[in-house]
file data24.pdb (PDB, C-alpha atoms)
ATOM      1  CA  MET A 286      -1.641  11.035  -6.638
ATOM      2  CA  LEU A 287      -1.102  13.270  -3.620
ATOM      3  CA  PRO A 288      -4.755  14.164  -2.973
ATOM      4  CA  TYR A 289      -5.109  10.475  -2.139
ATOM      5  CA  ALA A 290      -2.664  10.897   0.722
ATOM      6  CA  ARG A 291      -5.008  13.483   2.188
ATOM      7  CA  ARG A 292      -8.091  11.405   1.625
ATOM      8  CA  LEU A 293      -6.625   8.180   2.959
ATOM      9  CA  TYR A 294      -4.997   9.687   6.039
ATOM     10  CA  PRO A 295      -7.899   9.198   8.506
ATOM     11  CA  LEU A 296      -8.495   5.611   7.375
ATOM     12  CA  VAL A 297      -4.817   4.655   7.532
ATOM     13  CA  LYS A 298      -4.413   6.320  10.901
ATOM     14  CA  ARG A 299      -7.450   4.544  12.304
ATOM     15  CA  ILE A 300      -5.970   1.183  11.348
ATOM     16  CA  LEU A 301      -2.337   1.811  12.243
ATOM     17  CA  CYS A 302      -2.978   3.927  15.361
ATOM     18  CA  SER A 303       0.247   5.844  14.986
ATOM     19  CA  GLU A 304       1.017   9.141  13.361
ATOM     20  CA  GLU A 305       4.498   8.092  12.324
ATOM     21  CA  GLU A 306       3.441   4.718  10.950
ATOM     22  CA  THR A 307       0.643   6.458   9.054
ATOM     23  CA  ARG A 308       3.038   8.829   7.287
ATOM     24  CA  ASP A 309       5.402   6.002   6.358
ATOM     25  CA  ALA A 310       2.531   3.832   5.158
ATOM     26  CA  LEU A 311       1.063   6.643   3.061
ATOM     27  CA  GLN A 312       4.444   7.275   1.498
ATOM     28  CA  GLU A 313       4.791   3.626   0.613
ATOM     29  CA  LEU A 314       1.238   3.546  -0.705
ATOM     30  CA  MET A 315       1.828   6.545  -2.949
ATOM     31  CA  ILE A 316       4.862   4.822  -4.467
ATOM     32  CA  LYS A 317       2.819   1.652  -4.955
ATOM     33  CA  LEU A 318       0.031   3.562  -6.672
ATOM     34  CA  TRP A 319       2.475   5.512  -8.822
ATOM     35  CA  ASN A 320       4.054   2.273 -10.021
ATOM     36  CA  LYS A 321       0.605   0.903 -10.849
ATOM     37  CA  ARG A 322      -0.637   4.088 -12.512
ATOM     38  CA  HIS A 323      -1.045   2.449 -15.936
ATOM     39  CA  ASP A 324      -3.269  -0.320 -14.549
ATOM     40  CA  LEU A 325      -5.293   2.199 -12.567
ATOM     41  CA  GLN A 326      -6.340   4.102 -15.672
ATOM     42  CA  ASN A 327      -8.723   1.322 -16.678
ATOM     43  CA  CYS A 328     -10.298   0.993 -13.252
ATOM     44  CA  SER A 329     -14.029   1.758 -13.170
ATOM     45  CA  ASN A 330     -14.324   2.572  -9.455
ATOM     46  CA  LEU A 331     -10.863   4.023  -8.997
ATOM     47  CA  ASP A 332     -11.445   5.720  -5.644
ATOM     48  CA  GLY A 333     -13.011   2.586  -4.203
ATOM     49  CA  PHE A 334     -10.170   0.477  -5.535
ATOM     50  CA  VAL A 335      -7.537   2.795  -4.079
ATOM     51  CA  ALA A 336      -9.279   2.833  -0.692
ATOM     52  CA  THR A 337      -9.418  -0.974  -0.673
ATOM     53  CA  VAL A 338      -5.745  -1.269  -1.640
ATOM     54  CA  ALA A 339      -4.897   1.154   1.163
ATOM     55  CA  ARG A 340      -6.908  -0.725   3.752
ATOM     56  CA  ASN A 341      -5.464  -4.117   2.808
ATOM     57  CA  PHE A 342      -1.968  -2.658   2.735
ATOM     58  CA  CYS A 343      -2.449  -1.323   6.271
ATOM     59  CA  PHE A 344      -3.712  -4.642   7.590
ATOM     60  CA  ASP A 345      -0.733  -6.428   6.020
ATOM     61  CA  LEU A 346       1.619  -3.872   7.488
ATOM     62  CA  LYS A 347       0.027  -4.249  10.874
ATOM     63  CA  LYS A 348       0.459  -7.992  10.755
ATOM     64  CA  LYS A 349       4.034  -7.757   9.487
ATOM     65  CA  ARG A 350       5.129  -5.239  12.101
ATOM     66  CA  LYS A 351       3.073  -6.941  14.801
ATOM     67  CA  LEU A 352       1.492  -3.634  15.784
ATOM     68  CA  PRO A 353      -0.890  -3.862  18.722
ATOM     69  CA  LEU A 354      -4.486  -4.673  17.917
ATOM     70  CA  LEU A 355      -6.716  -2.187  19.666
ATOM     71  CA  ASP A 356     -10.412  -2.192  20.152
ATOM     72  CA  PRO A 357     -11.747  -1.214  16.686
ATOM     73  CA  ALA A 358     -13.571   1.754  18.177
ATOM     74  CA  ASP A 359     -10.379   3.006  19.743
ATOM     75  CA  GLU A 360      -8.306   2.641  16.601
ATOM     76  CA  GLY A 361      -6.649   5.821  15.518
ATOM     77  CA  ARG A 362      -7.668   7.785  18.535
ATOM     78  CA  MET A 363      -4.294   8.730  19.851
ATOM     79  CA  VAL A 364      -4.692  12.473  20.058
ATOM     80  CA  ALA A 365      -8.067  13.828  19.063
ATOM     81  CA  PRO A 366     -10.430  14.781  21.878
ATOM     82  CA  LEU A 367      -7.958  14.140  24.670
ATOM     83  CA  ALA A 368      -5.718  16.931  23.400
ATOM     84  CA  GLU A 369      -8.519  19.431  23.832
ATOM     85  CA  ASN A 370      -7.771  21.983  26.530
ATOM     86  CA  ASP A 371     -11.286  22.965  27.378
ATOM     87  CA  LEU A 372     -12.523  20.335  29.785
ATOM     88  CA  GLU A 373     -16.157  20.830  28.834
ATOM     89  CA  ILE A 374     -15.543  20.417  25.092
ATOM     90  CA  ARG A 375     -13.336  17.443  25.791
ATOM     91  CA  GLU A 376     -16.062  15.808  27.808
ATOM     92  CA  LYS A 377     -18.657  16.428  25.120
ATOM     93  CA  LEU A 378     -16.473  14.990  22.378
ATOM     94  CA  GLU A 379     -15.799  12.019  24.596
ATOM     95  CA  HIS A 380     -19.553  11.404  24.852
ATOM     96  CA  VAL A 381     -19.804  10.960  21.080
ATOM     97  CA  HIS A 382     -16.788   8.708  21.129
ATOM     98  CA  GLN A 383     -18.260   6.483  23.815
ATOM     99  CA  ILE A 384     -21.558   6.270  21.929
ATOM    100  CA  MET A 385     -19.799   5.285  18.718
ATOM    101  CA  LYS A 386     -17.780   2.693  20.580
ATOM    102  CA  LYS A 387     -20.967   0.956  21.684
ATOM    103  CA  LEU A 388     -22.480   0.756  18.191
ATOM    104  CA  PRO A 389     -22.565  -2.675  16.537
ATOM    105  CA  ASP A 390     -19.498  -3.216  14.311
ATOM    106  CA  LYS A 391     -21.077  -2.698  10.902
ATOM    107  CA  TYR A 392     -22.950   0.414  12.027
ATOM    108  CA  ARG A 393     -19.816   1.912  13.479
ATOM    109  CA  GLU A 394     -17.748   0.985  10.436
ATOM    110  CA  VAL A 395     -20.098   2.651   7.961
ATOM    111  CA  LEU A 396     -20.461   5.715  10.169
ATOM    112  CA  GLN A 397     -16.701   6.054  10.563
ATOM    113  CA  LEU A 398     -16.063   5.598   6.842
ATOM    114  CA  ARG A 399     -18.584   8.267   5.955
ATOM    115  CA  GLU A 400     -18.346  10.855   8.719
ATOM    116  CA  ILE A 401     -14.704  10.735   9.723
ATOM    117  CA  GLU A 402     -12.967   9.314   6.707
ATOM    118  CA  GLY A 403     -15.231  11.118   4.241
ATOM    119  CA  PHE A 404     -15.731   8.277   1.742
ATOM    120  CA  SER A 405     -18.424   8.263  -0.917
ATOM    121  CA  PHE A 406     -21.073   5.531  -1.075
ATOM    122  CA  GLU A 407     -19.209   3.927  -3.982
ATOM    123  CA  GLU A 408     -16.029   3.810  -1.936
ATOM    124  CA  ILE A 409     -17.818   2.395   1.090
ATOM    125  CA  ARG A 410     -19.349  -0.244  -1.158
ATOM    126  CA  ALA A 411     -15.887  -1.225  -2.403
ATOM    127  CA  LEU A 412     -14.543  -1.320   1.151
ATOM    128  CA  THR A 413     -17.344  -3.201   2.858
ATOM    129  CA  GLY A 414     -18.996  -5.148   0.054
ATOM    130  CA  TYR A 415     -22.446  -3.848   1.120
ATOM    131  CA  GLU A 416     -24.845  -2.559  -1.516
ATOM    132  CA  ILE A 417     -25.560   1.175  -1.497
ATOM    133  CA  PRO A 418     -29.184   1.017  -0.274
ATOM    134  CA  TYR A 419     -28.024  -1.081   2.666
ATOM    135  CA  ILE A 420     -25.219   1.381   3.387
ATOM    136  CA  ARG A 421     -27.808   4.178   3.483
ATOM    137  CA  VAL A 422     -29.909   2.182   5.939
ATOM    138  CA  LEU A 423     -26.914   1.470   8.194
ATOM    139  CA  LEU A 424     -25.840   5.073   8.026
ATOM    140  CA  SER A 425     -29.309   6.390   8.763
ATOM    141  CA  ARG A 426     -29.738   4.107  11.767
ATOM    142  CA  SER A 427     -26.322   4.788  13.199
ATOM    143  CA  ARG A 428     -26.706   8.575  12.802
ATOM    144  CA  MET A 429     -30.050   8.453  14.579
ATOM    145  CA  LYS A 430     -28.665   6.204  17.285
ATOM    146  CA  VAL A 431     -25.782   8.580  18.005
ATOM    147  CA  ARG A 432     -28.200  11.506  18.318
ATOM    148  CA  GLU A 433     -30.616   9.538  20.479
ATOM    149  CA  GLU A 434     -27.893   8.390  22.866
ATOM    150  CA  LEU A 435     -26.427  11.867  23.130
ATOM    151  CA  ILE A 436     -29.816  13.325  24.016
ATOM    152  CA  LYS A 437     -30.180  10.627  26.671
ATOM    153  CA  ILE A 438     -26.865  11.695  28.199
ATOM    154  CA  TYR A 439     -27.991  15.354  28.131
ATOM    155  CA  ASP A 440     -31.241  14.486  29.844
ATOM    156  CA  TYR A 441     -29.433  12.447  32.437
ATOM    157  CA  GLU A 442     -26.945  15.215  33.140
ATOM    158  CA  ARG A 443     -29.687  17.804  33.311
ATOM    159  CA  GLY A 444     -31.572  15.575  35.729
ATOM    160  CA  THR A 445     -28.600  15.094  38.028
ATOM    161  CA  CYS A 446     -27.743  18.809  37.956
ATOM    162  CA  GLN A 447     -31.198  19.956  38.943
ATOM    163  CA  PRO A 448     -31.721  20.663  42.628
ATOM    164  CA  ALA A 449     -33.847  18.067  44.373
TER     165      ALA A 449
ATOM    166  CA  MET B  67     -34.281  26.472  13.271
ATOM    167  CA  LYS B  68     -34.609  27.452   9.637
ATOM    168  CA  GLU B  69     -36.814  25.240   7.551
ATOM    169  CA  GLU B  70     -34.066  24.610   5.056
ATOM    170  CA  LEU B  71     -31.758  23.378   7.781
ATOM    171  CA  ALA B  72     -34.485  21.155   9.222
ATOM    172  CA  ASN B  73     -35.061  19.583   5.820
ATOM    173  CA  LEU B  74     -31.395  19.001   5.312
ATOM    174  CA  LEU B  75     -31.154  17.393   8.750
ATOM    175  CA  GLU B  76     -34.016  15.091   7.940
ATOM    176  CA  LYS B  77     -32.347  14.080   4.714
ATOM    177  CA  TYR B  78     -29.136  13.512   6.653
ATOM    178  CA  TYR B  79     -30.843  11.217   9.142
ATOM    179  CA  ASN B  80     -32.355   9.259   6.269
ATOM    180  CA  GLY B  81     -28.908   8.646   4.829
ATOM    181  CA  GLN B  82     -29.800  10.550   1.686
ATOM    182  CA  THR B  83     -27.421  13.526   1.751
ATOM    183  CA  THR B  84     -24.537  13.958  -0.680
ATOM    184  CA  PRO B  85     -21.041  14.824   0.591
ATOM    185  CA  GLU B  86     -21.594  18.444  -0.527
ATOM    186  CA  GLU B  87     -24.849  18.667   1.404
ATOM    187  CA  GLU B  88     -23.186  17.161   4.440
ATOM    188  CA  LYS B  89     -20.444  19.753   4.246
ATOM    189  CA  MET B  90     -23.026  22.502   4.019
ATOM    190  CA  LEU B  91     -24.961  21.000   6.911
ATOM    191  CA  ARG B  92     -21.892  20.929   9.117
ATOM    192  CA  GLU B  93     -21.151  24.564   8.371
ATOM    193  CA  GLU B  94     -24.693  25.629   9.074
ATOM    194  CA  ILE B  95     -24.905  23.677  12.308
ATOM    195  CA  ALA B  96     -21.605  25.171  13.478
ATOM    196  CA  ALA B  97     -22.954  28.653  12.761
ATOM    197  CA  ASP B  98     -26.370  28.009  14.318
ATOM    198  CA  ARG B  99     -27.036  29.714  17.620
ATOM    199  CA  GLU B 100     -29.151  26.910  19.039
ATOM    200  CA  ASN B 101     -27.358  24.325  21.102
ATOM    201  CA  LEU B 102     -28.186  21.344  18.922
ATOM    202  CA  PRO B 103     -26.807  17.874  19.673
ATOM    203  CA  GLU B 104     -25.501  17.844  16.088
ATOM    204  CA  LYS B 105     -23.071  20.576  17.072
ATOM    205  CA  GLU B 106     -21.210  18.145  19.279
ATOM    206  CA  ILE B 107     -21.589  15.209  16.940
ATOM    207  CA  PHE B 108     -20.177  17.124  13.979
ATOM    208  CA  GLY B 109     -17.565  18.695  16.229
ATOM    209  CA  TYR B 110     -16.370  15.222  17.135
ATOM    210  CA  TYR B 111     -16.276  14.075  13.483
ATOM    211  CA  ALA B 112     -14.365  17.177  12.445
ATOM    212  CA  ARG B 113     -11.897  16.702  15.263
ATOM    213  CA  GLU B 114     -11.325  13.054  14.412
ATOM    214  CA  SER B 115     -10.771  13.762  10.720
ATOM    215  CA  GLU B 116      -8.314  16.606  11.234
ATOM    216  CA  LEU B 117      -5.193  16.361   9.130
ATOM    217  CA  PRO B 118      -1.784  17.394  10.417
ATOM    218  CA  ASP B 119      -0.278  20.530   8.860
ATOM    219  CA  GLY B 120       1.983  20.047   5.883
ATOM    220  CA  LEU B 121       0.993  16.403   5.442
ATOM    221  CA  GLU B 122       1.082  16.439   1.649
ATOM    222  CA  GLU B 123       4.404  18.269   1.432
ATOM    223  CA  GLU B 124       5.976  15.870   3.870
ATOM    224  CA  ILE B 125       4.707  12.818   2.023
ATOM    225  CA  PHE B 126       5.757  14.285  -1.302
ATOM    226  CA  ARG B 127       9.271  14.883   0.036
ATOM    227  CA  GLY B 128       9.395  11.380   1.455
ATOM    228  CA  VAL B 129       8.266   9.832  -1.830
ATOM    229  CA  GLU B 130      10.812  11.865  -3.766
ATOM    230  CA  GLU B 131      13.661  10.801  -1.490
ATOM    231  CA  GLU B 132      12.581   7.182  -1.599
ATOM    232  CA  VAL B 133      12.373   7.186  -5.408
ATOM    233  CA  LYS B 134      15.847   8.738  -5.647
ATOM    234  CA  LYS B 135      17.231   6.206  -3.205
ATOM    235  CA  ARG B 136      15.645   3.364  -5.123
ATOM    236  CA  SER B 137      16.892   4.564  -8.513
ATOM    237  CA  LEU B 138      20.413   4.884  -7.060
ATOM    238  CA  ARG B 139      20.141   1.376  -5.646
ATOM    239  CA  PHE B 140      18.863   0.161  -9.002
ATOM    240  CA  ARG B 141      21.814   1.815 -10.769
ATOM    241  CA  ILE B 142      24.224   0.181  -8.343
ATOM    242  CA  TYR B 143      22.570  -3.191  -8.982
ATOM    243  CA  ARG B 144      22.896  -2.678 -12.722
ATOM    244  CA  LEU B 145      26.534  -1.687 -12.498
ATOM    245  CA  THR B 146      27.296  -4.614 -10.211
ATOM    246  CA  SER B 147      25.569  -7.114 -12.470
ATOM    247  CA  ALA B 148      27.328  -5.711 -15.550
ATOM    248  CA  ALA B 149      30.660  -6.001 -13.737
ATOM    249  CA  ALA B 150      29.836  -9.581 -12.714
ATOM    250  CA  VAL B 151      29.002 -10.551 -16.305
ATOM    251  CA  LEU B 152      32.215  -8.948 -17.538
ATOM    252  CA  ALA B 153      34.271 -10.762 -14.906
ATOM    253  CA  GLY B 154      32.623 -14.037 -15.924
ATOM    254  CA  LEU B 155      33.453 -13.480 -19.584
ATOM    255  CA  ILE B 156      37.052 -12.612 -18.787
ATOM    256  CA  THR B 157      37.414 -15.769 -16.694
ATOM    257  CA  LEU B 158      35.971 -17.911 -19.490
ATOM    258  CA  LEU B 159      38.217 -16.300 -22.097
ATOM    259  CA  ALA B 160      41.297 -16.726 -19.908
ATOM    260  CA  GLY B 161      40.366 -20.359 -19.311
ATOM    261  CA  TYR B 162      39.923 -20.983 -23.028
ATOM    262  CA  GLN B 163      43.241 -19.299 -23.851
ATOM    263  CA  SER B 164      45.157 -21.335 -21.286
ATOM    264  CA  HIS B 165      43.457 -24.500 -22.529
ATOM    265  CA  ARG B 166      44.542 -23.736 -26.098
ATOM    266  CA  LYS B 167      48.040 -22.934 -24.958
ATOM    267  CA  SER B 168      48.412 -26.210 -23.091
ATOM    268  CA  GLU B 169      47.055 -28.108 -26.097
ATOM    269  CA  GLN B 170      49.698 -26.527 -28.326
ATOM    270  CA  GLN B 171      52.420 -27.333 -25.810
ATOM    271  CA  PHE B 172      51.179 -30.909 -25.618
ATOM    272  CA  LEU B 173      51.319 -31.190 -29.427
ATOM    273  CA  LEU B 174      54.852 -29.835 -29.493
ATOM    274  CA  MET B 175      55.894 -32.243 -26.773
ATOM    275  CA  GLU B 176      54.270 -35.112 -28.632
ATOM    276  CA  GLN B 177      56.138 -34.255 -31.822
ATOM    277  CA  ALA B 178      59.418 -33.931 -29.948
ATOM    278  CA  LEU B 179      58.917 -37.272 -28.230
ATOM    279  CA  TYR B 180      57.997 -38.884 -31.530
ATOM    280  CA  GLN B 181      61.144 -37.570 -33.125
ATOM    281  CA  VAL B 182      63.223 -38.818 -30.198
ATOM    282  CA  SER B 183      61.611 -42.216 -30.265
ATOM    283  CA  ASN B 184      62.009 -42.384 -34.042
ATOM    284  CA  SER B 185      65.698 -41.572 -33.799
ATOM    285  CA  LEU B 186      66.182 -44.269 -31.158
ATOM    286  CA  GLN B 187      64.188 -46.983 -32.910
ATOM    287  CA  PRO B 188      63.279 -46.202 -36.464
ATOM    288  CA  GLY B 189      60.086 -48.006 -37.519
ATOM    289  CA  ALA B 190      60.218 -50.810 -40.113
ATOM    290  CA  GLU B 191      59.839 -49.371 -43.528
ATOM    291  CA  GLU B 192      56.586 -50.055 -45.180
ATOM    292  CA  PRO B 193      56.969 -52.536 -48.052
ATOM    293  CA  GLU B 194      56.372 -50.869 -51.373
ATOM    294  CA  MET B 195      53.032 -51.755 -52.882
ATOM    295  CA  LEU B 196      51.372 -50.951 -56.130
ATOM    296  CA  VAL B 197      47.627 -50.822 -56.029
ATOM    297  CA  LEU B 198      46.215 -51.562 -59.414
ATOM    298  CA  TRP B 199      42.476 -51.819 -58.721
ATOM    299  CA  VAL B 200      40.167 -51.327 -55.798
ATOM    300  CA  ASP B 201      36.529 -52.283 -56.017
ATOM    301  CA  ASP B 202      33.829 -53.386 -53.636
ATOM    302  CA  ASN B 203      34.677 -56.988 -54.382
ATOM    303  CA  VAL B 204      38.172 -56.976 -55.843
ATOM    304  CA  GLU B 205      41.495 -55.498 -54.822
ATOM    305  CA  ILE B 206      44.476 -55.980 -57.170
ATOM    306  CA  ILE B 207      47.764 -55.239 -55.434
ATOM    307  CA  VAL B 208      51.292 -55.915 -56.745
ATOM    308  CA  ASN B 209      54.152 -56.215 -54.211
TER     309      ASN B 209
END

call {"tool": "encode", "arguments": {"input": "data24.pdb", "output": "structure tokens"}}
result
Amino acid sequence: MLPYARRLYPLVKRILCSEEETRDALQELMIKLWNKRHDLQNCSNLDGFVATVARNFCFDLKKKRKLPLLDPADEGRMVAPLAENDLEIREKLEHVHQIMKKLPDKYREVLQLREIEGFSFEEIRALTGYEIPYIRVLLSRSRMKVREELIKIYDYERGTCQPA
Amino acid sequence: MKEELANLLEKYYNGQTTPEEEKMLREEIAADRENLPEKEIFGYYARESELPDGLEEEIFRGVEEEVKKRSLRFRIYRLTSAAAVLAGLITLLAGYQSHRKSEQQFLLMEQALYQVSNSLQPGAEEPEMLVLWVDDNVEIIVN
């Protein structure tokens, strides 16, 4: 049961936006899953099911506790790049964040689920309801878009740094 | 860039890589000397998906404590409900006993009163009768 805590952490944290709330929610989730362990044995897409239960649980919790609703792209980003000491690295990580923030919702969602939360295609299918070929298309486009936009920023910075 | 890495990157951008390949790709990009944009992109993803130290242990401890607390609470509930049922039974039994007792006292009182009233005003004696025959249609009685 515990490996799930590890796997679900980034997703739960993105939704709840708080380290403390995330730990409490994961604890509660683990108890929930443990109590349902007999039902779970017959589940065909267990990982997808668990991820969906976790996501719905977090949304319910958020509603119940009246936690603030942040911009979806900013969800869960309480510490990451801003805690970086090196200003240059921090700036670079911030670039990627800003690019992701501007992606259309479904592109960003799929990209986040795969790259940050590390879910499999089956799990993403259970979470989003999209079919796998479509998920691949969304993922491919969003990955290319992130790269493209980052190169644009590089070019721009290089251009402004060059002496006239 | 090595050809293998280029192929893997192409597969990645087509959305065709497996999680294992993606892991390998991230490691190779991090180790690559060239300053590829993927270095930053993967750096950002890695940073965002970092887990705090000792997460599992902490959650395990929390779950354990919670389960203990809940089982204690459950035991207290069980004890309380058993005590409540017992108290209910005792109350019912006591009620029944007192009801029986008062019925007996009432009977005794009734008998005593009857005796008193009988001694004050004895009832007219029943005339002696001899019943010879009783049928659905005929009754033969001799006074």

call {"tool": "atom_distance", "arguments": {"input": "data24.pdb", "atom1": "CA of Asn341 (chain A)", "atom2": "CA of Leu423 (chain A)"}}
result
22.8 Å

call {"tool": "closest_residue", "arguments": {"input": "data24.pdb", "among": "A:Arg308, A:Lys349, A:Lys386, A:Lys317", "to": "chain B", "atoms": "only C-alpha atoms"}}
result
A:Arg308

call {"tool": "closest_residue", "arguments": {"input": "data24.pdb", "among": "B:Pro103, B:Ile142, B:Glu205, B:Glu123", "to": "Asp440 (chain A)", "atoms": "all atoms listed in the file"}}
result
B:Pro103

call {"tool": "atom_distance", "arguments": {"input": "data24.pdb", "atom1": "CA of Ala411 (chain A)", "atom2": "CA of Gly333 (chain A)"}}
result
5.1 Å

call {"tool": "resolve_selection", "arguments": {"input": "data24.pdb", "expression": "the PyMOL selection byres ((chain A) within 7 of (chain B))", "output": "ChimeraX atom specification"}}
result
/A:287,290-291,295,308,312,316,365,377-378,381,400-402,421-422,424-425,428-429,432,435-436

call {"tool": "atom_distance", "arguments": {"input": "data24.pdb", "atom1": "CA of Leu179 (chain B)", "atom2": "CA of Gly161 (chain B)"}}
result
26.6 Å

call {"tool": "closest_residue", "arguments": {"input": "data24.pdb", "among": "A:Arg426, A:Arg292, A:Tyr392, A:Ile300", "to": "Asp345 (chain A)", "atoms": "all atoms listed in the file"}}
result
A:Ile300

call {"tool": "closest_residue", "arguments": {"input": "data24.pdb", "among": "A:Lys391, A:Leu331, A:Ala336, A:Leu301", "to": "Gly403 (chain A)", "atoms": "all atoms listed in the file"}}
result
A:Ala336

call {"tool": "residues_around", "arguments": {"input": "data24.pdb", "residues": "Phe342 (chain A)", "least_positions_apart": "6", "cutoff": "10 Å", "atoms": "all atoms listed in the file", "output": "PDB file with C-alpha atoms, in the coordinates of the input"}}
result
ATOM      1  CA  VAL A 297      -4.817   4.655   7.532  1.00  0.00           C
ATOM      2  CA  ALA A 310       2.531   3.832   5.158  1.00  0.00           C
ATOM      3  CA  LEU A 311       1.063   6.643   3.061  1.00  0.00           C
ATOM      4  CA  GLU A 313       4.791   3.626   0.613  1.00  0.00           C
ATOM      5  CA  LEU A 314       1.238   3.546  -0.705  1.00  0.00           C
ATOM      6  CA  ALA A 336      -9.279   2.833  -0.692  1.00  0.00           C
ATOM      7  CA  LYS A 348       0.459  -7.992  10.755  1.00  0.00           C
TER       8      LYS A 348
END

call {"tool": "residues_around", "arguments": {"input": "data24.pdb", "residues": "Ser329 (chain A)", "least_positions_apart": "5", "cutoff": "12 Å", "atoms": "only C-alpha atoms", "output": "PDB file with C-alpha atoms, in the coordinates of the input"}}
result
ATOM      1  CA  ASP A 324      -3.269  -0.320 -14.549  1.00  0.00           C
ATOM      2  CA  PHE A 334     -10.170   0.477  -5.535  1.00  0.00           C
ATOM      3  CA  VAL A 335      -7.537   2.795  -4.079  1.00  0.00           C
ATOM      4  CA  GLU A 407     -19.209   3.927  -3.982  1.00  0.00           C
ATOM      5  CA  GLU A 408     -16.029   3.810  -1.936  1.00  0.00           C
ATOM      6  CA  ALA A 411     -15.887  -1.225  -2.403  1.00  0.00           C
TER       7      ALA A 411
END

call {"tool": "decode", "arguments": {"input": "data24.pdb", "residues": "region 165-178 of chain B", "atoms": "N, CA and C atoms", "output": "CSV table (one decimal), in the first residue's frame"}}
result
chain,number,residue,atom,x,y,z
B,165,HIS,N,-43.5,-4.5,39.4
B,165,HIS,CA,-44.9,-4.7,38.9
B,165,HIS,C,-45.5,-5.9,39.5
B,166,ARG,N,-44.7,-7.0,39.5
B,166,ARG,CA,-45.2,-8.3,40.1
B,166,ARG,C,-45.5,-8.1,41.6
B,167,LYS,N,-44.6,-7.4,42.3
B,167,LYS,CA,-44.7,-7.2,43.7
B,167,LYS,C,-46.0,-6.4,44.0
B,168,SER,N,-46.2,-5.4,43.2
B,168,SER,CA,-47.4,-4.6,43.5
B,168,SER,C,-48.7,-5.4,43.2
B,169,GLU,N,-48.6,-6.2,42.2
B,169,GLU,CA,-49.8,-7.1,41.9
B,169,GLU,C,-50.1,-8.0,43.1
B,170,GLN,N,-49.0,-8.6,43.6
B,170,GLN,CA,-49.2,-9.5,44.8
B,170,GLN,C,-49.8,-8.8,46.0
B,171,GLN,N,-49.3,-7.6,46.2
B,171,GLN,CA,-49.8,-6.8,47.3
B,171,GLN,C,-51.2,-6.4,47.1
B,172,PHE,N,-51.6,-6.1,45.9
B,172,PHE,CA,-53.0,-5.8,45.5
B,172,PHE,C,-53.9,-6.9,45.8
B,173,LEU,N,-53.4,-8.2,45.4
B,173,LEU,CA,-54.2,-9.4,45.6
B,173,LEU,C,-54.4,-9.6,47.1
B,174,LEU,N,-53.4,-9.4,47.9
B,174,LEU,CA,-53.5,-9.6,49.3
B,174,LEU,C,-54.5,-8.6,49.9
B,175,MET,N,-54.3,-7.4,49.5
B,175,MET,CA,-55.2,-6.3,50.0
B,175,MET,C,-56.7,-6.7,49.6
B,176,GLU,N,-56.9,-7.2,48.4
B,176,GLU,CA,-58.2,-7.5,47.9
B,176,GLU,C,-58.8,-8.6,48.8
B,177,GLN,N,-58.0,-9.6,49.1
B,177,GLN,CA,-58.5,-10.7,49.9
B,177,GLN,C,-58.8,-10.2,51.3
B,178,ALA,N,-57.9,-9.4,51.8
B,178,ALA,CA,-58.2,-8.8,53.2
B,178,ALA,C,-59.5,-8.0,53.2
